[in-house]
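Novice: Supplied in structure tokens, the structure appears directly below.
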Amino acid sequence: MFRNLYLIITSIIFLASIWMIFIWVPTEINQGMVQRILYIHLPFAWASMIAIIALALTSLMFLITNKNIWDNLSQSLAEVGVVSAIVMLFSGIVWAKPVWGIWWTGEAKLTTALILFLIYCAYLVFRNYFPPGNNRNRIAAIIALIGAIDSPIIYYAAQIWQQNHPQAVVGPLATQESSLSSEMVLTLLVSVLAVSLLFIGIVWVQYKANSLKGAQNV
């Protein structure tokens, strides 16, 4: 019952966000249509950054309790987190070309975001190619704990190193007034909610699959 209700609510909010992004929200004056990538780029950036924090917390719980529930949840978060990071990077690259005139720059915000993707890759590659066992899982957990340091660095990067990437204009740590209209802010919030619900749902599905796979391998 709860699963069906969750699926219905997530679908409605996700479809509403698509309608708002491509039909309802006004076009930004300076950047034009390409600015709509913001409503995809930022939610998936949020998801990938929150995922690594959640991954670190579940990894810490595994190190403390040594229970497979936390290890399976950690793996699931990493698997969905790396996909979120890919969407973040790709959408950012597509957005950068028409706005900055270049696909990629080596500035801090972009570099730390790429490092986050590589951390996810390192975690998953290690889990898949290192011999299975408790030692593998514990070392992977340590990788996640170290990797979580990158998340706040990404957030603060534009504030610390003021380069092409704009500083945060929404959120509790924003240092300047937002230039987004109320319609744009609402669309952004709905998009973040939609991606968050989608992320949680897929993590749960992955967790069930990983738990079943682990039980079969025992």
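Scheme for the structure tokens: letters A, B, ... for chains in order shown; per-chain residue numbers from 1; ligand numbers from 1 in order shown.
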Would you pick out the contacts of stretch 142-148 of chain A at 10 Å or less, using only C-alpha atoms, so that residues sharing its chain but fewer than 6 positions from it are not included, and give the list as a list in words?
Specialist: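 My reading of the contact set: Met49, Ile50, Ala51, Ile52, Ile53, Ala54, Leu55, Ala56, Leu57, Thr58, Ser59, Leu60, Leu63, Ser74, Ala78, Ile115, Leu116, Phe117, Leu118, Ile119, Tyr120, Ala122, Tyr123 and Phe126 of chain A.
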Novice: Report as JSON, numbers by chain all protein, DNA and RNA residues lying within 7 Å of stretch 184-197 of chain A, evaluated on only C-alpha atoms, omitting residues in the same chain fewer than 4 positions from it.
Specialist: {"A": [10, 13, 14, 17, 20, 21, 25, 39, 43, 44, 47, 180, 201]}
Novice: Given the selection you just returned, output its residues as a file containing C-alpha atoms, formatted as an mmCIF file, in the first residue's frame.
Specialist:
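Printed below is again20.cif as written:
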```cif
data_model
loop_
_atom_site.group_PDB
_atom_site.id
_atom_site.type_symbol
_atom_site.label_atom_id
_atom_site.label_comp_id
_atom_site.auth_asym_id
_atom_site.auth_seq_id
_atom_site.Cartn_x
_atom_site.Cartn_y
_atom_site.Cartn_z
ATOM 1 C CA THR A 10 6.424 10.621 -6.894
ATOM 2 C CA ILE A 13 5.324 15.478 -8.591
ATOM 3 C CA PHE A 14 7.837 14.370 -11.236
ATOM 4 C CA SER A 17 8.113 19.330 -12.445
ATOM 5 C CA MET A 20 6.784 23.467 -14.934
ATOM 6 C CA ILE A 21 10.286 23.276 -16.427
ATOM 7 C CA VAL A 25 8.175 28.719 -15.854
ATOM 8 C CA TYR A 39 16.083 22.801 -12.978
ATOM 9 C CA PRO A 43 18.497 18.890 -8.209
ATOM 10 C CA PHE A 44 20.858 16.152 -9.360
ATOM 11 C CA ALA A 47 21.161 14.454 -4.858
ATOM 12 C CA LEU A 180 15.425 34.109 -9.707
ATOM 13 C CA GLY A 201 12.667 5.306 -4.367
#
```
Novice: Here is a test: counting only C-alpha atoms, which residue of A:Ala45, A:Ile12, A:Val80, A:Leu110 is nearest to A:Gln206?
Specialist: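 Counting only C-alpha atoms, the residue closest to A:Gln206 is A:Val80.
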Novice: For A:Glu28, which of A:Ser91, A:Ser181, A:Ser151, A:Ser48 is the closest residue, counting only C-alpha atoms?
Specialist: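 Looking only at the distances to A:Glu28, the closest residue turns out to be A:Ser181.
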Novice: Could you list, as number ranges by chain, every residue within 12 Å of A:Gly133, counting only C-alpha atoms and ignoring same-chain residues fewer than 3 positions away?
Specialist: A: 66, 68, 71, 126-130, 136-140, 214, 217-218
Novice: Could you tell me which of A:Asn30, A:Gln75, A:Asn135, A:Thr105 comes closest to A:Tyr207 if we count only C-alpha atoms?
Specialist: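 Selected residue with least distance to A:Tyr207: A:Gln75.
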Novice: Report as a ChimeraX atom specification: the residues of chain A with a DSSP assignment of alpha helix (DSSP H), based on the backbone of this structure.
Specialist: /A:2-19,38-65,68-100,108-129,134-147,150-160,182-217
Novice: Please provide the set of residues having any atom within 6 Å of A:Lys109, restricted to only C-alpha atoms, with same-chain residues fewer than 2 positions apart removed, written as a list in words.
Specialist: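 Near neighbours after the sequence-gap exclusion: Glu107, Thr111, Thr112, Ile154, Ala157 and Ala158 of chain A.
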Novice: Give me, please, the distance in Å between atom CA of A:Ile202 and atom CA of A:Asp150, quoted to one decimal.
Specialist: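 Computed distance, atom CA of A:Ile202 to atom CA of A:Asp150, equals 23.3 Å.
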